[in-house]
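Printed here is structure.txt (compact mmCIF, C-alpha atoms (C1' of nucleotides)):
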```txt
# COMPACT_ATOMS: atom_id res chain seq x y z
CA MET K 1 51.19 -38.75 -48.23
CA ASN K 2 51.94 -38.45 -51.90
CA LEU K 3 52.46 -34.82 -52.82
CA SER K 4 55.17 -32.54 -54.13
CA PRO K 5 57.13 -30.87 -51.28
CA LEU K 6 55.62 -27.43 -51.80
CA VAL K 7 52.06 -28.70 -51.87
CA GLN K 8 52.74 -30.99 -48.94
CA SER K 9 53.87 -28.07 -46.77
CA PHE K 10 50.73 -26.18 -47.71
CA VAL K 11 48.51 -29.15 -46.96
CA LEU K 12 50.15 -29.98 -43.65
CA HIS K 13 49.77 -26.37 -42.55
CA PHE K 14 46.07 -26.38 -43.33
CA GLY K 15 45.77 -29.58 -41.37
CA GLU K 16 47.51 -28.11 -38.35
CA MET K 17 45.50 -24.89 -38.48
CA GLY K 18 42.29 -26.89 -38.65
CA SER K 19 41.85 -27.00 -34.90
CA ARG K 20 42.19 -23.21 -34.66
CA TRP K 21 39.74 -22.74 -37.50
CA GLY K 22 37.18 -25.12 -36.04
CA ILE K 23 37.55 -27.91 -38.57
CA ALA K 24 39.08 -31.37 -38.35
CA ARG K 25 42.61 -31.96 -39.60
CA THR K 26 41.53 -34.05 -42.56
CA VAL K 27 38.93 -31.48 -43.56
CA GLY K 28 41.62 -28.80 -43.68
CA GLN K 29 43.99 -31.00 -45.62
CA ILE K 30 41.40 -31.96 -48.19
CA TYR K 31 40.48 -28.35 -48.70
CA ALA K 32 44.13 -27.46 -49.24
CA VAL K 33 44.65 -30.26 -51.75
CA LEU K 34 41.59 -29.24 -53.74
CA PHE K 35 42.52 -25.57 -53.57
CA VAL K 36 45.85 -26.03 -55.33
CA ALA K 37 44.79 -28.92 -57.56
CA GLU K 38 45.03 -28.37 -61.29
CA ARG K 39 41.75 -30.23 -61.85
CA PRO K 40 38.80 -31.55 -59.86
CA LEU K 41 39.70 -34.62 -57.84
CA CYS K 42 37.66 -37.69 -56.95
CA ALA K 43 37.62 -39.24 -53.51
CA ASP K 44 40.19 -41.86 -54.43
CA ASP K 45 42.59 -39.20 -55.71
CA ILE K 46 42.39 -37.64 -52.28
CA VAL K 47 42.87 -40.96 -50.47
CA GLU K 48 45.92 -41.49 -52.66
CA ARG K 49 47.39 -38.05 -51.98
CA LEU K 50 46.68 -37.79 -48.25
CA GLY K 51 46.83 -41.42 -47.17
CA VAL K 52 43.67 -41.27 -45.04
CA SER K 53 40.75 -43.66 -45.07
CA ARG K 54 38.15 -43.58 -47.78
CA SER K 55 35.35 -43.07 -45.26
CA ASN K 56 37.12 -40.14 -43.68
CA VAL K 57 37.39 -38.52 -47.10
CA SER K 58 33.70 -39.09 -47.70
CA MET K 59 32.67 -37.47 -44.42
CA SER K 60 35.12 -34.61 -44.73
CA LEU K 61 33.89 -33.79 -48.22
CA LYS K 62 30.34 -33.71 -46.87
CA GLU K 63 31.48 -31.20 -44.30
CA LEU K 64 33.26 -29.04 -46.87
CA GLN K 65 30.14 -29.09 -49.03
CA SER K 66 28.01 -28.02 -46.08
CA TRP K 67 30.35 -25.04 -45.80
CA ARG K 68 29.94 -24.48 -49.57
CA LEU K 69 33.72 -24.36 -49.81
CA VAL K 70 33.85 -27.31 -52.17
CA ARG K 71 31.49 -28.14 -54.98
CA LEU K 72 30.62 -31.38 -56.68
CA VAL K 73 31.69 -31.64 -60.31
CA HIS K 74 31.11 -34.34 -62.88
CA MET K 75 33.80 -35.32 -65.34
CA PRO K 76 33.00 -36.71 -68.80
CA ASP K 77 33.17 -40.53 -69.04
CA ASP K 78 33.68 -40.98 -65.31
CA ARG K 79 30.81 -41.74 -63.02
CA ARG K 80 32.73 -40.97 -59.85
CA ASP K 81 32.01 -37.68 -58.11
CA HIS K 82 34.74 -35.09 -58.43
CA PHE K 83 35.30 -32.06 -56.23
CA ALA K 84 36.75 -28.60 -56.69
CA THR K 85 37.06 -25.33 -54.84
CA PRO K 86 35.64 -22.18 -56.45
CA GLU K 87 38.23 -20.51 -58.67
CA ASP K 88 37.46 -17.00 -57.53
CA VAL K 89 39.17 -16.36 -54.20
CA TRP K 90 36.82 -13.45 -53.52
CA GLN K 91 33.90 -15.78 -53.76
CA ILE K 92 35.64 -18.05 -51.30
CA VAL K 93 36.07 -15.22 -48.83
CA ARG K 94 32.44 -14.23 -49.13
CA THR K 95 31.32 -17.80 -48.54
CA LEU K 96 33.64 -18.18 -45.58
CA VAL K 97 32.35 -15.01 -43.96
CA GLU K 98 28.72 -15.97 -44.51
CA GLU K 99 29.15 -19.46 -43.13
CA ARG K 100 31.13 -18.35 -40.12
CA LYS K 101 28.55 -15.69 -39.43
CA LYS K 102 25.80 -18.29 -39.65
CA ARG K 103 27.55 -20.63 -37.21
CA GLU K 104 29.38 -18.29 -34.86
CA ILE K 105 27.29 -15.14 -34.71
CA ASP K 106 23.66 -15.69 -35.69
CA PRO K 107 22.85 -18.10 -32.86
CA THR K 108 24.22 -15.61 -30.35
CA LEU K 109 22.38 -12.71 -31.91
CA SER K 110 19.19 -14.69 -31.57
CA VAL K 111 19.81 -15.48 -27.91
CA LEU K 112 20.72 -11.89 -27.12
CA ARG K 113 17.49 -10.68 -28.68
CA GLU K 114 15.48 -13.11 -26.58
CA LEU K 115 17.24 -12.01 -23.41
CA LEU K 116 16.57 -8.37 -24.20
CA MET K 117 12.85 -9.10 -24.58
CA GLN K 118 12.62 -10.41 -21.01
CA ALA K 119 11.63 -8.10 -18.20
CA PRO K 120 14.49 -7.90 -15.70
CA ARG K 121 13.57 -9.14 -12.22
CA THR K 122 16.37 -7.73 -10.12
CA PRO K 123 18.80 -4.79 -10.24
CA GLU K 124 21.44 -7.32 -11.20
CA GLU K 125 19.41 -8.31 -14.24
CA VAL K 126 18.92 -4.68 -15.19
CA GLN K 127 22.68 -4.23 -15.22
CA ALA K 128 23.21 -7.47 -17.13
CA GLN K 129 20.67 -6.45 -19.74
CA ALA K 130 22.35 -3.10 -20.25
CA ARG K 131 25.58 -4.90 -20.92
CA ILE K 132 23.90 -7.39 -23.22
CA ARG K 133 22.31 -4.50 -25.06
CA ASP K 134 25.75 -3.01 -25.73
CA MET K 135 26.94 -6.32 -27.11
CA HIS K 136 23.84 -6.73 -29.22
CA GLU K 137 24.14 -3.24 -30.69
CA ILE K 138 27.72 -3.62 -31.73
CA ILE K 139 27.12 -6.97 -33.37
CA GLU K 140 24.10 -5.62 -35.23
CA LEU K 141 26.13 -2.68 -36.45
CA MET K 142 28.90 -4.89 -37.75
CA THR K 143 26.73 -7.55 -39.34
CA GLY K 144 24.58 -4.83 -40.87
CA TRP K 145 27.67 -3.22 -42.35
CA TYR K 146 28.76 -6.51 -43.83
CA ALA K 147 25.32 -7.33 -45.20
CA ASP K 148 25.54 -4.02 -46.99
CA VAL K 149 29.05 -4.09 -48.45
CA GLU K 150 28.67 -7.75 -49.30
CA LYS K 151 26.36 -6.67 -52.12
CA LEU K 152 29.09 -4.66 -53.84
CA GLU K 153 30.77 -6.05 -56.92
CA THR K 154 34.20 -7.40 -56.19
CA GLU K 155 35.85 -4.64 -58.15
CA ARG K 156 34.31 -1.99 -55.93
CA LEU K 157 35.07 -3.97 -52.81
CA VAL K 158 38.74 -4.21 -53.73
CA GLN K 159 38.78 -0.50 -54.39
CA LEU K 160 37.27 0.17 -50.99
CA LEU K 161 39.65 -2.12 -49.16
CA GLY K 162 42.56 -0.54 -50.97
CA LEU K 163 41.54 2.86 -49.67
CA GLY K 164 41.52 1.72 -46.07
CA SER K 165 41.08 4.59 -43.66
CA LYS K 166 41.55 7.07 -46.49
CA VAL K 167 37.81 6.89 -47.05
CA VAL K 168 37.50 9.06 -43.99
CA LYS K 169 39.55 11.72 -45.70
CA VAL K 170 37.27 11.50 -48.69
CA LEU K 171 34.23 11.81 -46.50
CA GLU K 172 35.68 14.91 -44.89
CA MET K 173 36.35 16.35 -48.33
CA LYS K 174 32.79 15.61 -49.29
CA ASP K 175 31.61 17.58 -46.24
CA ARG K 176 33.64 20.57 -47.31
CA LEU K 177 32.62 20.38 -50.96
CA LEU K 178 28.96 20.12 -50.14
CA VAL K 179 28.93 23.35 -48.21
CA LEU K 180 27.03 25.70 -50.49
CA PRO K 181 28.57 29.10 -51.22
CA GLY K 182 27.35 31.59 -48.64
CA SER K 183 26.37 28.97 -46.09
CA ARG K 184 28.40 28.34 -42.95
CA PRO K 185 30.13 25.07 -42.24
CA ARG K 186 28.18 22.90 -39.80
CA PRO K 187 29.91 23.24 -36.43
CA ARG K 188 31.71 20.15 -35.14
CA ARG K 189 32.54 19.16 -31.63
CA SER K 190 36.21 19.82 -32.21
CA ASP K 191 35.37 23.31 -33.51
CA THR K 192 33.59 24.50 -30.40
CA ALA K 193 35.81 26.72 -28.33
CA PRO K 194 36.20 25.86 -24.65
CA SER K 195 33.98 28.01 -22.50
CA MET F 1 25.19 -22.92 -10.90
CA ASN F 2 24.12 -19.93 -8.86
CA LEU F 3 22.89 -17.18 -11.14
CA SER F 4 19.73 -15.25 -11.92
CA PRO F 5 17.76 -16.87 -14.77
CA LEU F 6 18.60 -14.21 -17.32
CA VAL F 7 22.31 -14.30 -16.60
CA GLN F 8 22.26 -18.06 -16.48
CA SER F 9 20.84 -18.27 -20.01
CA PHE F 10 23.51 -15.89 -21.21
CA VAL F 11 26.27 -17.84 -19.49
CA LEU F 12 25.07 -21.23 -20.71
CA HIS F 13 24.90 -19.94 -24.25
CA PHE F 14 28.48 -18.71 -24.11
CA GLY F 15 29.50 -22.08 -22.78
CA GLU F 16 27.77 -23.90 -25.62
CA MET F 17 29.18 -21.58 -28.27
CA GLY F 18 32.67 -22.09 -26.85
CA SER F 19 33.39 -25.07 -29.09
CA ARG F 20 32.45 -23.08 -32.20
CA TRP F 21 34.55 -20.15 -31.06
CA GLY F 22 37.57 -22.29 -30.29
CA ILE F 23 37.49 -21.98 -26.53
CA ALA F 24 36.59 -24.43 -23.78
CA ARG F 25 33.13 -24.37 -22.23
CA THR F 26 34.31 -23.04 -18.88
CA VAL F 27 36.33 -20.31 -20.56
CA GLY F 28 33.23 -19.10 -22.37
CA GLN F 29 31.12 -19.24 -19.24
CA ILE F 30 33.64 -17.33 -17.16
CA TYR F 31 33.86 -14.66 -19.81
CA ALA F 32 30.10 -14.31 -19.85
CA VAL F 33 29.86 -14.05 -16.08
CA LEU F 34 32.53 -11.36 -15.96
CA PHE F 35 31.00 -9.51 -18.88
CA VAL F 36 27.68 -8.94 -17.16
CA ALA F 37 29.03 -8.68 -13.62
CA GLU F 38 28.39 -5.45 -11.79
CA ARG F 39 31.89 -5.52 -10.27
CA PRO F 40 35.18 -7.37 -10.69
CA LEU F 41 34.98 -10.92 -9.38
CA CYS F 42 37.57 -13.07 -7.66
CA ALA F 43 38.17 -16.71 -8.52
CA ASP F 44 36.02 -17.92 -5.63
CA ASP F 45 33.11 -15.77 -6.76
CA ILE F 46 33.31 -17.55 -10.09
CA VAL F 47 33.55 -21.00 -8.50
CA GLU F 48 30.47 -20.10 -6.50
CA ARG F 49 28.49 -18.88 -9.51
CA LEU F 50 29.45 -21.57 -12.01
CA GLY F 51 30.02 -24.57 -9.80
CA VAL F 52 33.27 -25.65 -11.45
CA SER F 53 36.54 -26.52 -9.79
CA ARG F 54 38.85 -23.89 -8.48
CA SER F 55 41.71 -25.14 -10.67
CA ASN F 56 39.58 -24.97 -13.77
CA VAL F 57 38.79 -21.35 -12.98
CA SER F 58 42.45 -20.59 -12.50
CA MET F 59 43.42 -22.09 -15.86
CA SER F 60 40.51 -20.57 -17.72
CA LEU F 61 41.31 -17.11 -16.37
CA LYS F 62 44.89 -17.54 -17.56
CA GLU F 63 43.53 -18.31 -21.01
CA LEU F 64 41.23 -15.29 -21.01
CA GLN F 65 44.12 -13.10 -19.95
CA SER F 66 46.25 -14.48 -22.78
CA TRP F 67 43.46 -13.32 -25.08
CA ARG F 68 43.49 -9.93 -23.28
CA LEU F 69 39.73 -10.30 -22.89
CA VAL F 70 39.92 -10.17 -19.11
CA ARG F 71 42.16 -8.03 -16.98
CA LEU F 72 43.43 -8.43 -13.48
CA VAL F 73 42.16 -5.87 -10.97
CA HIS F 74 43.00 -5.30 -7.35
CA MET F 75 40.33 -4.38 -4.85
CA PRO F 76 41.09 -2.31 -1.74
CA ASP F 77 41.57 -4.36 1.43
CA ASP F 78 41.44 -7.69 -0.39
CA ARG F 79 44.55 -9.45 -1.47
CA ARG F 80 42.76 -11.85 -3.78
CA ASP F 81 43.03 -11.21 -7.50
CA HIS F 82 39.89 -9.89 -9.12
CA PHE F 83 38.98 -9.97 -12.77
CA ALA F 84 36.93 -7.82 -15.10
CA THR F 85 36.22 -7.42 -18.80
CA PRO F 86 36.93 -4.06 -20.43
CA GLU F 87 33.93 -1.75 -20.19
CA ASP F 88 34.16 -0.48 -23.73
CA VAL F 89 32.66 -3.02 -26.09
CA TRP F 90 34.51 -1.46 -29.02
CA GLN F 91 37.77 -2.14 -27.27
CA ILE F 92 36.64 -5.71 -26.82
CA VAL F 93 35.94 -6.09 -30.52
CA ARG F 94 39.32 -4.65 -31.41
CA THR F 95 41.07 -7.02 -29.05
CA LEU F 96 39.10 -9.99 -30.34
CA VAL F 97 39.96 -9.19 -33.94
CA GLU F 98 43.64 -8.69 -33.15
CA GLU F 99 43.93 -11.90 -31.19
CA ARG F 100 42.06 -13.98 -33.72
CA LYS F 101 44.20 -12.52 -36.47
CA LYS F 102 47.31 -13.41 -34.50
CA ARG F 103 46.18 -17.00 -33.98
CA GLU F 104 44.19 -17.79 -37.11
CA ILE F 105 45.73 -15.70 -39.86
CA ASP F 106 49.30 -14.61 -39.14
CA PRO F 107 50.76 -18.14 -39.02
CA THR F 108 49.19 -18.89 -42.39
CA LEU F 109 50.39 -15.64 -43.89
CA SER F 110 53.87 -16.52 -42.78
CA VAL F 111 53.72 -20.01 -44.31
CA LEU F 112 52.29 -18.67 -47.56
CA ARG F 113 55.12 -16.19 -47.84
CA GLU F 114 57.68 -18.93 -47.35
CA LEU F 115 56.06 -21.09 -49.99
CA LEU F 116 56.03 -18.21 -52.45
CA MET F 117 59.77 -17.71 -51.95
CA GLN F 118 60.55 -21.25 -53.08
CA ALA F 119 61.38 -21.95 -56.69
CA PRO F 120 58.76 -24.32 -58.09
CA ARG F 121 60.18 -27.65 -59.31
CA THR F 122 57.35 -28.97 -61.47
CA PRO F 123 54.48 -27.57 -63.52
CA GLU F 124 52.20 -28.74 -60.73
CA GLU F 125 54.10 -26.56 -58.27
CA VAL F 126 53.89 -23.59 -60.63
CA GLN F 127 50.12 -23.96 -60.66
CA ALA F 128 49.98 -24.43 -56.89
CA GLN F 129 52.07 -21.34 -56.32
CA ALA F 130 49.81 -19.25 -58.54
CA ARG F 131 46.87 -20.32 -56.44
CA ILE F 132 48.75 -19.68 -53.21
CA ARG F 133 49.66 -16.26 -54.52
CA ASP F 134 45.98 -15.44 -55.02
CA MET F 135 45.25 -16.48 -51.47
CA HIS F 136 48.17 -14.51 -50.12
CA GLU F 137 47.15 -11.38 -51.97
CA ILE F 138 43.60 -11.39 -50.74
CA ILE F 139 44.63 -11.95 -47.14
CA GLU F 140 47.20 -9.17 -47.35
CA LEU F 141 44.61 -6.82 -48.76
CA MET F 142 42.14 -7.57 -45.99
CA THR F 143 44.59 -7.50 -43.11
CA GLY F 144 46.10 -4.33 -44.53
CA TRP F 145 42.68 -2.75 -44.65
CA TYR F 146 42.04 -3.68 -41.05
CA ALA F 147 45.45 -2.49 -39.87
CA ASP F 148 44.51 0.84 -41.39
CA VAL F 149 40.94 1.34 -40.16
CA GLU F 150 41.89 -0.05 -36.77
CA LYS F 151 43.72 3.21 -36.14
CA LEU F 152 40.54 5.27 -36.47
CA GLU F 153 38.87 6.62 -33.37
CA THR F 154 35.80 4.65 -32.42
CA GLU F 155 33.54 7.55 -33.29
CA ARG F 156 34.79 7.59 -36.87
CA LEU F 157 34.64 3.84 -37.12
CA VAL F 158 31.01 3.79 -36.05
CA GLN F 159 30.26 6.48 -38.59
CA LEU F 160 31.92 4.44 -41.31
CA LEU F 161 30.14 1.24 -40.39
CA GLY F 162 26.85 3.08 -40.31
CA LEU F 163 27.39 4.23 -43.87
CA GLY F 164 27.93 0.72 -45.15
CA SER F 165 28.06 0.55 -48.92
CA LYS F 166 26.93 4.16 -49.16
CA VAL F 167 30.59 5.15 -49.00
CA VAL F 168 30.79 3.99 -52.57
CA LYS F 169 28.17 6.53 -53.52
CA VAL F 170 30.23 9.17 -51.82
CA LEU F 171 33.33 8.06 -53.65
CA GLU F 172 31.50 8.27 -56.96
CA MET F 173 30.35 11.73 -56.07
CA LYS F 174 33.94 12.66 -55.29
CA ASP F 175 34.96 11.43 -58.74
CA ARG F 176 32.40 13.63 -60.38
CA LEU F 177 33.18 16.67 -58.27
CA LEU F 178 36.89 16.39 -58.88
CA VAL F 179 36.52 16.50 -62.64
CA LEU F 180 37.83 19.94 -63.50
CA PRO F 181 35.67 22.14 -65.76
CA GLY F 182 36.62 21.55 -69.40
CA SER F 183 38.23 18.12 -68.76
CA ARG F 184 36.48 14.92 -69.83
CA PRO F 185 35.42 12.23 -67.39
CA ARG F 186 37.82 9.28 -67.31
CA PRO F 187 36.21 6.49 -69.40
CA ARG F 188 35.04 3.42 -67.47
CA ARG F 189 34.67 -0.10 -68.65
CA SER F 190 30.89 0.15 -68.51
CA ASP F 191 31.03 3.28 -70.68
CA THR F 192 32.80 1.75 -73.64
CA ALA F 193 30.39 0.91 -76.40
CA PRO F 194 30.43 -2.63 -77.82
CA SER F 195 32.30 -2.83 -81.14
C1' DC H 1 17.99 -59.16 -62.46
C1' DT H 2 23.06 -59.51 -61.68
C1' DG H 3 27.56 -58.03 -61.19
C1' DT H 4 30.41 -54.19 -60.52
C1' DT H 5 31.86 -49.91 -58.87
C1' DA H 6 30.96 -45.77 -56.05
C1' DT H 7 29.41 -43.83 -51.88
C1' DT H 8 27.58 -43.67 -47.23
C1' DT H 9 26.85 -45.23 -42.64
C1' DC H 10 28.22 -46.46 -38.26
C1' DA H 11 30.31 -48.96 -34.21
C1' DG H 12 34.02 -48.64 -31.87
C1' DA H 13 39.28 -47.51 -31.75
C1' DA H 14 42.40 -43.78 -31.39
C1' DA H 15 43.48 -39.19 -30.54
C1' DT H 16 42.58 -34.85 -28.39
C1' DG H 17 40.75 -31.79 -25.29
C1' DT H 18 38.73 -30.55 -20.82
C1' DC H 19 38.24 -30.79 -15.97
C1' DT H 20 39.16 -32.22 -11.19
C1' DG H 21 41.46 -33.05 -6.76
C1' DA H 22 45.61 -33.20 -4.52
C1' DA H 23 49.90 -31.42 -3.90
C1' DA H 24 53.23 -27.76 -4.70
C1' DT H 25 54.32 -23.01 -4.85
C1' DA H 26 53.95 -18.17 -3.92
C1' DG H 27 53.39 -14.31 -1.15
C1' DC H 28 51.97 -11.70 2.64
C1' DG H 29 51.62 -10.35 7.79
C1' DG H 30 53.33 -10.99 11.98
C1' DC O 1 60.98 -17.96 10.13
C1' DC O 2 56.07 -19.40 10.69
C1' DG O 3 51.28 -19.74 9.70
C1' DC O 4 47.90 -18.61 6.79
C1' DT O 5 45.58 -17.65 2.48
C1' DA O 6 45.72 -17.41 -2.49
C1' DT O 7 47.16 -19.31 -6.69
C1' DT O 8 49.25 -22.60 -9.83
C1' DT O 9 50.58 -27.01 -11.47
C1' DC O 10 49.79 -31.45 -13.08
C1' DA O 11 48.61 -36.48 -13.33
C1' DG O 12 45.13 -38.81 -14.59
C1' DA O 13 39.79 -39.18 -14.92
C1' DC O 14 36.39 -37.99 -17.95
C1' DA O 15 34.30 -36.23 -22.23
C1' DT O 16 34.34 -35.19 -26.88
C1' DT O 17 35.95 -35.43 -31.43
C1' DT O 18 38.12 -37.65 -35.19
C1' DC O 19 39.18 -41.50 -37.81
C1' DT O 20 39.02 -46.29 -39.50
C1' DG O 21 37.38 -50.70 -41.37
C1' DA O 22 33.56 -53.33 -42.29
C1' DA O 23 29.12 -53.58 -43.79
C1' DA O 24 25.15 -51.47 -45.99
C1' DT O 25 23.29 -48.84 -49.58
C1' DA O 26 23.06 -46.73 -54.06
C1' DA O 27 23.54 -46.37 -58.82
C1' DC O 28 24.63 -47.75 -63.03
C1' DA O 29 25.89 -51.22 -67.18
C1' DG O 30 24.99 -55.16 -69.28
```
For this file, write the structure as structure tokens.
Amino acid sequence: MNLSPLVQSFVLHFGEMGSRWGIARTVGQIYAVLFVAERPLCADDIVERLGVSRSNVSMSLKELQSWRLVRLVHMPDDRRDHFATPEDVWQIVRTLVEERKKREIDPTLSVLRELLMQAPRTPEEVQAQARIRDMHEIIELMTGWYADVEKLETERLVQLLGLGSKVVKVLEMKDRLLVLPGSRPRPRRSDTAPS
Amino acid sequence: MNLSPLVQSFVLHFGEMGSRWGIARTVGQIYAVLFVAERPLCADDIVERLGVSRSNVSMSLKELQSWRLVRLVHMPDDRRDHFATPEDVWQIVRTLVEERKKREIDPTLSVLRELLMQAPRTPEEVQAQARIRDMHEIIELMTGWYADVEKLETERLVQLLGLGSKVVKVLEMKDRLLVLPGSRPRPRRSDTAPS
DNA sequence: CTGTTATTTCAGAAATGTCTGAAATAGCGG
DNA sequence: CCGCTATTTCAGACATTTCTGAAATAACAG
């Protein structure tokens, strides 16, 4: 491995985390190298820096491209393929979320929907379906939320994340402000006096 | 495998998805069985239903407990351990997020911080650190956001998720409402006319 | 078309991860 | 303490994934 100490630590960490993230060690290492690289690298650059086989680099790059985490770039006067990660880290996060959703959630959502279509045949299946329905609902709610906020410009998204739970405060304020003069506030559960 | 067809499909799917979710097949299957079960099950119940070895069940349950996705329950007049998943699916989601954060994000955050403390020794390391800083920032922002909204009651959280990107509309409205009479609206980038 | 360089494919080697059966341990009731 | 049941441990069998080197393919330049 032929890297400066700082970069090497970063790369080795990404390799080790690979198994937890569901990618092979080399895939993680290649991503890390490309992420911090000052310019797009070709396959041989990566072989040189990581000391893994050329074929492993080729397959790992294919995998990273299938995740859309690495893109193919062409350099002037060089017919070798070069590779780079997107510059914009927000774009990277969006891609990561989309791809993980596609692989880890969508197949399940599809199975759950099928199972909910079936007519239950026993009391046990009725119970199971109720439970599956809960799971389905919560996943739909969360993926729906993401599908919605994902459309926001990054600037807005950052703003929203920065607010955190304070948005709730703002929403409460909105409720109060929108009460027209003369009208009564809509009663809330917490406002109802115990009988 | 000794399960009703509907439950069996559910269980097999969780087993297959295991590899994508970073858990072993049996672990996924056991979780699925417990999730839809009408009552807490003991290890032998699980052996019976899944047809895997007793020792595998024991180890897999340990793993699920380490994820806090399954809890140990005691049944009256039975000294065997029984196991159940939390009833509340929102609690399950919270646990899942926390545990995945702990395993998949926190170690990286810690390494990134260390790397950012080091003094760079070459221009290459300066560039790498800048990139690492971007990554660190975005992860901090997202984990910070979650740490904040995680404190909300479920009811509020559901409300917020239901709104989706509409919160932004509400925030804009807040901006307008908070402009005091006589004051001018704060200029925005999109408001400035081209020179 | 030919020679050269770049990339991909793929069989099997190496490494890792999962699962089982047997044996060890734990814990309770008498 | 003993006998019984429940649970855990762990070596190694088995399965899967990852990686390599060699060969095939592709793609261009002359």
Sorted by chain and rising residue number, which residues of range 9-114 of chain F lie within 9 Å of range 119-131 of chain K, and what are their closest atom pairs and distances in Å to one decimal, counting only C-alpha atoms, as a Markdown table?
```
| residue | atom | partner | partner_atom | distance |
| --- | --- | --- | --- | --- |
| F:Phe35 | CA | K:Arg131 | CA | 7.4 |
| F:Val36 | CA | K:Ala128 | CA | 4.7 |
| F:Ala37 | CA | K:Ala128 | CA | 6.9 |
| F:Glu38 | CA | K:Gln127 | CA | 6.8 |
| F:Glu87 | CA | K:Arg131 | CA | 9.0 |
| F:Val89 | CA | K:Arg131 | CA | 9.0 |
```
Inset, instruction - Select residues of chain H: the criterion is any atom within 9 Å of an atom of chain K, counting all atoms listed in the file; output as a list of chain:residue names. - result: H:DA6, H:DT7, H:DT8
Dump as an mmCIF file with C-alpha atoms, in the coordinates of the input the residues of chain F that approach chain K to within 7 Å, counting all atoms listed in the file.
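And here is the file that came out, out-v6.cif:
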```cif
data_model
loop_
_atom_site.group_PDB
_atom_site.id
_atom_site.type_symbol
_atom_site.label_atom_id
_atom_site.label_comp_id
_atom_site.auth_asym_id
_atom_site.auth_seq_id
_atom_site.Cartn_x
_atom_site.Cartn_y
_atom_site.Cartn_z
ATOM 1 C CA LEU F 6 18.600 -14.210 -17.320
ATOM 2 C CA VAL F 7 22.310 -14.300 -16.600
ATOM 3 C CA ARG F 20 32.450 -23.080 -32.200
ATOM 4 C CA TRP F 21 34.550 -20.150 -31.060
ATOM 5 C CA GLY F 22 37.570 -22.290 -30.290
ATOM 6 C CA VAL F 36 27.680 -8.940 -17.160
ATOM 7 C CA ALA F 37 29.030 -8.680 -13.620
ATOM 8 C CA GLU F 38 28.390 -5.450 -11.790
ATOM 9 C CA VAL F 89 32.660 -3.020 -26.090
ATOM 10 C CA GLU F 104 44.190 -17.790 -37.110
ATOM 11 C CA LEU F 115 56.060 -21.090 -49.990
ATOM 12 C CA GLU F 125 54.100 -26.560 -58.270
ATOM 13 C CA GLN F 127 50.120 -23.960 -60.660
ATOM 14 C CA ALA F 128 49.980 -24.430 -56.890
ATOM 15 C CA ARG F 131 46.870 -20.320 -56.440
ATOM 16 C CA ASP F 134 45.980 -15.440 -55.020
ATOM 17 C CA MET F 135 45.250 -16.480 -51.470
ATOM 18 C CA LEU F 141 44.610 -6.820 -48.760
ATOM 19 C CA MET F 142 42.140 -7.570 -45.990
ATOM 20 C CA TRP F 145 42.680 -2.750 -44.650
ATOM 21 C CA ASP F 148 44.510 0.840 -41.390
ATOM 22 C CA VAL F 149 40.940 1.340 -40.160
ATOM 23 C CA LEU F 161 30.140 1.240 -40.390
ATOM 24 C CA GLY F 162 26.850 3.080 -40.310
ATOM 25 C CA GLY F 164 27.930 0.720 -45.150
ATOM 26 C CA SER F 165 28.060 0.550 -48.920
ATOM 27 C CA LYS F 174 33.940 12.660 -55.290
#
```
Pull out every residue of chain O that has at least one atom within 12 Å of chain F, counting only C-alpha atoms (C1' of nucleotides), and report them as a PDB file with C-alpha atoms (C1' of nucleotides), in the coordinates of the input.
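What follows is the written file selection31.pdb:
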```pdb
ATOM      1  C1'  DT O   5      45.580 -17.650   2.480  1.00  0.00           C
ATOM      2  C1'  DA O   6      45.720 -17.410  -2.490  1.00  0.00           C
ATOM      3  C1'  DT O   7      47.160 -19.310  -6.690  1.00  0.00           C
ATOM      4  C1'  DT O   8      49.250 -22.600  -9.830  1.00  0.00           C
ATOM      5  C1'  DT O   9      50.580 -27.010 -11.470  1.00  0.00           C
ATOM      6  C1'  DC O  10      49.790 -31.450 -13.080  1.00  0.00           C
ATOM      7  C1'  DA O  15      34.300 -36.230 -22.230  1.00  0.00           C
ATOM      8  C1'  DT O  16      34.340 -35.190 -26.880  1.00  0.00           C
ATOM      9  C1'  DT O  17      35.950 -35.430 -31.430  1.00  0.00           C
TER      10       DT O  17
END
```
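Take CA of Ser110 in chain K and CA of Arg94 in chain K: the distance between them is 22.0 Å.
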